[in-house]
Amino acid sequence: MAYSNIDFDNKTILITGGAGFIGSNLAFYFQENYKNSQVVVFDCFRSGSTFPNGNLKSFGHYKNLIGFTGNVICGDINNKDDLDLLDAYTFDYIFHQAAISDTRVDNQKIIMQTNVNSFYDLLEKAKVDNSVMVYASSAATYGNLPSPQTVGNEDPENPYGYSKYMMDQIATRYSNENPEMAILGLKYFNVYGPREYFKAKTSSMVIQLGHQIMDGNAPKLFENSHEIFRDFIHVEDVIQANVKACSSINSGVFNVGTGKPRSFQEIADILQTELGTNLGTDYIPNPHIGYQTHTQANINSTQDNLGFTPNLSLEDGIKAYIPEIMRLHKNKY
C-alpha cells in the first residue's frame, strides 16, 4: 500500500538500522511498492555482545532481511570509516533508525556516542546530498509526565530518553540554521508487529505474551495491569508515518502513536481470544521503581502536518500479527 503521492522509484534511499525491527519493515515497504527505488541498508548487525543487563548491544539480524534485494552495508554509525562508505551514494531520503534503544542501559557514554554523536554526521550527509532526513525519536523523551504526552513538553528519565531528547534539540537547531532542509523526527510510542522477534527481551509484550500463551502458560503481568496503559501502535502505521513525513513542507518533531491508550491486561485478553485459550493471568509484583503507568500520544500535530491517521486498532493489529506469532513459535528461530 502506497502511503504517499511521492514517486520513490529511481530514488536512492538510506535506512540506518535497516536490519532491525522498523528499519527492515521500511526496506521491504520500498522494495514492494517501488520496484525501481535503490534502497541501501546500513546496519552493524549483531555480534552476540551484551550490556551488563544481559540485553544484546545490537538487534540487527540477517533473517529480518531475507528476501530483500537492495544493497546491504555492514557498518557501525560510531565508526567514521564505516560512514565514509555511504559517500559512494547520493541519497534522496535518509531514514535514520539505528540507535541503542534499550531503556534499561545505564552506560551514558556509549548511548550518547551512538545516538547523539552519529546524528551530527548523518545530518551533514543529508545536507551535502540534499536529502530528506526522517529520524527515530521516542516517547521515552517524556519520562513520567502525565498523559497526553505533547511535543515540546519532555522530561526524560533514562539515558536513552535523554539521547533522543538531545537529537530533537539538534534537529530543531539544524533545521533553523538550514531552512532549505527537511528534517523530521518521529517519537515512536509502543510499537509492535512483524520483524520485532530478534529484539528478544526488549520486544513488545504482544509477542512475549503470545508465546507464553502458546507455551500453555498463563500470561505473566504485573499486578494491577488493568491500570497500566500504553499507546500501542502497529509497525505498519509507523511505516505510514515515516513515508508521509517525506511529504511534509515543515521540519519538526511529531508523535507517532494512536492516541488511544490500552492496558496490558487488554493485550493478554485479546491474545487469548485470538488463540482460543482461557488460561487466566499470572500476576507478579512490579520490580521497577518509577514505572510509567500511562502513555497517550497527542497526535494532533502529526495528523495536521503529516496527514497521518493510524489505521489499525489494537484488536485488528494483534489479529493481523497472530499468524507471524504462531510461525515464530513453531519455528523457534
# chains A, B, ... in the order shown; residues from 1 in each chain; ligands from 1
$ select_by_dssp --residues "region 31-269 of chain A" --states "helix (DSSP H, G or I)" --output "PDB file with C-alpha atoms, in the first residue's frame"
ATOM      1  CA  GLN A  31      11.009  -2.828  -2.267  1.00  0.00           C
ATOM      2  CA  GLU A  32       7.399  -3.956  -2.571  1.00  0.00           C
ATOM      3  CA  ASN A  33       5.880  -0.629  -3.615  1.00  0.00           C
ATOM      4  CA  TYR A  62      20.085 -11.002   8.772  1.00  0.00           C
ATOM      5  CA  LYS A  63      16.857 -13.006   8.961  1.00  0.00           C
ATOM      6  CA  ASN A  64      14.883  -9.748   9.007  1.00  0.00           C
ATOM      7  CA  LEU A  65      16.248  -9.111   5.511  1.00  0.00           C
ATOM      8  CA  LYS A  80      33.837   7.305  10.649  1.00  0.00           C
ATOM      9  CA  ASP A  81      35.437   4.910   8.171  1.00  0.00           C
ATOM     10  CA  ASP A  82      32.226   2.891   8.011  1.00  0.00           C
ATOM     11  CA  LEU A  83      30.160   6.039   7.483  1.00  0.00           C
ATOM     12  CA  ASP A  84      32.506   7.041   4.677  1.00  0.00           C
ATOM     13  CA  LEU A  85      31.228   4.001   2.762  1.00  0.00           C
ATOM     14  CA  LEU A  86      27.977   5.908   2.304  1.00  0.00           C
ATOM     15  CA  ASP A  87      29.762   8.557   0.253  1.00  0.00           C
ATOM     16  CA  ALA A  88      29.501   6.216  -2.740  1.00  0.00           C
ATOM     17  CA  GLN A 108      25.531   7.091  29.388  1.00  0.00           C
ATOM     18  CA  LYS A 109      28.734   7.414  27.387  1.00  0.00           C
ATOM     19  CA  ILE A 110      28.006   4.689  24.841  1.00  0.00           C
ATOM     20  CA  ILE A 111      24.387   5.796  24.448  1.00  0.00           C
ATOM     21  CA  MET A 112      25.361   9.425  23.828  1.00  0.00           C
ATOM     22  CA  GLN A 113      28.151   8.443  21.426  1.00  0.00           C
ATOM     23  CA  THR A 114      25.905   6.128  19.444  1.00  0.00           C
ATOM     24  CA  ASN A 115      22.674   8.093  19.419  1.00  0.00           C
ATOM     25  CA  VAL A 116      23.870  11.700  19.510  1.00  0.00           C
ATOM     26  CA  ASN A 117      27.373  11.972  18.009  1.00  0.00           C
ATOM     27  CA  SER A 118      26.464   9.932  14.936  1.00  0.00           C
ATOM     28  CA  PHE A 119      23.409  12.111  14.322  1.00  0.00           C
ATOM     29  CA  TYR A 120      25.648  15.087  13.556  1.00  0.00           C
ATOM     30  CA  ASP A 121      27.465  13.016  10.930  1.00  0.00           C
ATOM     31  CA  LEU A 122      24.260  11.853   9.271  1.00  0.00           C
ATOM     32  CA  LEU A 123      22.807  15.359   9.254  1.00  0.00           C
ATOM     33  CA  GLU A 124      25.938  16.549   7.467  1.00  0.00           C
ATOM     34  CA  LYS A 125      25.478  13.772   4.911  1.00  0.00           C
ATOM     35  CA  ALA A 126      21.853  14.830   4.442  1.00  0.00           C
ATOM     36  CA  LYS A 127      22.934  18.436   3.942  1.00  0.00           C
ATOM     37  CA  VAL A 128      25.558  17.551   1.341  1.00  0.00           C
ATOM     38  CA  ASP A 129      23.187  15.234  -0.542  1.00  0.00           C
ATOM     39  CA  ALA A 139       8.189   8.606  23.629  1.00  0.00           C
ATOM     40  CA  ALA A 140      10.922   7.913  26.213  1.00  0.00           C
ATOM     41  CA  THR A 141      11.689  11.639  25.973  1.00  0.00           C
ATOM     42  CA  TYR A 142       8.543  12.259  28.063  1.00  0.00           C
ATOM     43  CA  PRO A 159      19.882   7.871  29.274  1.00  0.00           C
ATOM     44  CA  TYR A 160      18.117   6.591  26.157  1.00  0.00           C
ATOM     45  CA  GLY A 161      15.262   9.067  26.548  1.00  0.00           C
ATOM     46  CA  TYR A 162      17.739  11.873  27.119  1.00  0.00           C
ATOM     47  CA  SER A 163      19.723  10.953  23.998  1.00  0.00           C
ATOM     48  CA  LYS A 164      16.553  11.152  21.896  1.00  0.00           C
ATOM     49  CA  TYR A 165      15.654  14.434  23.570  1.00  0.00           C
ATOM     50  CA  MET A 166      19.057  15.774  22.557  1.00  0.00           C
ATOM     51  CA  MET A 167      18.553  14.551  18.996  1.00  0.00           C
ATOM     52  CA  ASP A 168      15.313  16.512  18.844  1.00  0.00           C
ATOM     53  CA  GLN A 169      17.136  19.637  20.034  1.00  0.00           C
ATOM     54  CA  ILE A 170      19.906  19.123  17.481  1.00  0.00           C
ATOM     55  CA  ALA A 171      17.377  18.587  14.680  1.00  0.00           C
ATOM     56  CA  THR A 172      15.480  21.755  15.585  1.00  0.00           C
ATOM     57  CA  ARG A 173      18.636  23.830  15.696  1.00  0.00           C
ATOM     58  CA  TYR A 174      19.974  22.290  12.495  1.00  0.00           C
ATOM     59  CA  SER A 175      16.742  22.918  10.589  1.00  0.00           C
ATOM     60  CA  ASN A 176      16.678  26.521  11.802  1.00  0.00           C
ATOM     61  CA  GLU A 177      20.242  27.000  10.564  1.00  0.00           C
ATOM     62  CA  TYR A 197      11.288 -11.047  17.237  1.00  0.00           C
ATOM     63  CA  PHE A 198      15.046 -10.502  17.300  1.00  0.00           C
ATOM     64  CA  LYS A 199      14.710  -7.729  19.862  1.00  0.00           C
ATOM     65  CA  ALA A 200      14.374 -10.621  22.317  1.00  0.00           C
ATOM     66  CA  LYS A 201      13.660  -9.338  25.841  1.00  0.00           C
ATOM     67  CA  THR A 202      13.004  -5.821  24.554  1.00  0.00           C
ATOM     68  CA  MET A 205       4.523  -7.506  25.205  1.00  0.00           C
ATOM     69  CA  VAL A 206       2.320  -8.637  22.318  1.00  0.00           C
ATOM     70  CA  ILE A 207       4.786 -11.251  21.076  1.00  0.00           C
ATOM     71  CA  GLN A 208       6.134 -12.082  24.530  1.00  0.00           C
ATOM     72  CA  LEU A 209       2.687 -12.750  25.959  1.00  0.00           C
ATOM     73  CA  GLY A 210       1.638 -14.520  22.767  1.00  0.00           C
ATOM     74  CA  HIS A 211       4.459 -17.015  23.098  1.00  0.00           C
ATOM     75  CA  GLN A 212       3.794 -17.519  26.816  1.00  0.00           C
ATOM     76  CA  ILE A 213       0.199 -18.434  25.961  1.00  0.00           C
ATOM     77  CA  MET A 214       1.283 -20.733  23.124  1.00  0.00           C
ATOM     78  CA  SER A 225      -2.011  -4.356  34.894  1.00  0.00           C
ATOM     79  CA  HIS A 226      -5.567  -3.309  34.139  1.00  0.00           C
ATOM     80  CA  GLU A 227      -4.425   0.119  35.358  1.00  0.00           C
ATOM     81  CA  VAL A 235       4.540  -1.193  12.874  1.00  0.00           C
ATOM     82  CA  GLU A 236       2.534  -0.768   9.664  1.00  0.00           C
ATOM     83  CA  ASP A 237       1.233   2.552  10.990  1.00  0.00           C
ATOM     84  CA  VAL A 238       4.788   3.528  11.936  1.00  0.00           C
ATOM     85  CA  ILE A 239       5.829   2.865   8.342  1.00  0.00           C
ATOM     86  CA  GLN A 240       2.929   5.039   7.217  1.00  0.00           C
ATOM     87  CA  ALA A 241       4.188   7.893   9.406  1.00  0.00           C
ATOM     88  CA  ASN A 242       7.747   7.594   8.075  1.00  0.00           C
ATOM     89  CA  VAL A 243       6.627   7.658   4.465  1.00  0.00           C
ATOM     90  CA  LYS A 244       4.175  10.514   4.951  1.00  0.00           C
ATOM     91  CA  ALA A 245       6.866  12.528   6.739  1.00  0.00           C
ATOM     92  CA  PHE A 264      -1.534  -4.670  29.251  1.00  0.00           C
ATOM     93  CA  GLN A 265      -4.475  -6.714  30.506  1.00  0.00           C
ATOM     94  CA  GLU A 266      -6.320  -5.976  27.273  1.00  0.00           C
ATOM     95  CA  ILE A 267      -3.364  -7.277  25.242  1.00  0.00           C
ATOM     96  CA  ALA A 268      -3.383 -10.561  27.161  1.00  0.00           C
ATOM     97  CA  ASP A 269      -7.144 -10.890  26.808  1.00  0.00           C
TER      98      ASP A 269
END
$ closest_residue --among "A:Tyr3, A:Tyr192, A:Phe28, A:Phe229" --to "Pro146 (chain A)" --atoms "only C-alpha atoms"
A:Phe229
$ closest_residue --among "A:Ser58, A:Thr309, A:Ser101, A:Thr302" --to "Gly252 (chain A)" --atoms "only C-alpha atoms"
A:Thr302
$ select_by_dssp --residues "region 29-208 of chain A" --states "strand (DSSP E or B)" --output "PyMOL selection string"
chain A and resi 38-43+50+56+71-74+93-96+132-138+149+183-188+190-192
$ closest_residue --among "A:Glu196, A:Asp102, A:Glu274, A:Asp304" --to "Phe254 (chain A)" --atoms "only C-alpha atoms"
A:Asp304
$ atom_distance --atom1 "CA of Gly75 (chain A)" --atom2 "CA of Asn190 (chain A)"
27.1 Å
$ residues_around --residues "region 314-328 of chain A" --least-positions-apart "2" --cutoff "7 Å" --atoms "only C-alpha atoms" --output "list in words"
Gly193, Pro194, Ile207, Gly210, His234, Ile270, Glu274, Leu312, Lys330, Asn331, Lys332 and Tyr333 of chain A
$ residues_around --residues "Thr258 (chain A)" --least-positions-apart "3" --cutoff "9 Å" --atoms "only C-alpha atoms" --output "VMD selection string"
chain A and resid 189 231 to 233 237 261 296 to 299 309 to 313
$ atom_distance --atom1 "CA of Lys35 (chain A)" --atom2 "CA of Val132 (chain A)"
20.1 Å
$ residues_around --residues "Asp9 (chain A)" --least-positions-apart "4" --cutoff "9 Å" --atoms "only C-alpha atoms" --output "PDB file with C-alpha atoms, in the first residue's frame"
ATOM      1  CA  PHE A  30      10.018   0.424  -0.588  1.00  0.00           C
ATOM      2  CA  ASN A  33       5.880  -0.629  -3.615  1.00  0.00           C
ATOM      3  CA  TYR A  34       8.671   0.987  -5.640  1.00  0.00           C
ATOM      4  CA  LYS A  35      10.471  -1.670  -7.644  1.00  0.00           C
ATOM      5  CA  ASN A  36      12.886   0.833  -9.184  1.00  0.00           C
ATOM      6  CA  SER A  37      13.958   2.511  -5.955  1.00  0.00           C
ATOM      7  CA  GLN A  38      17.525   1.931  -4.782  1.00  0.00           C
TER       8      GLN A  38
END
$ atom_distance --atom1 "CA of Asn300 (chain A)" --atom2 "CA of Ser24 (chain A)"
27.6 Å
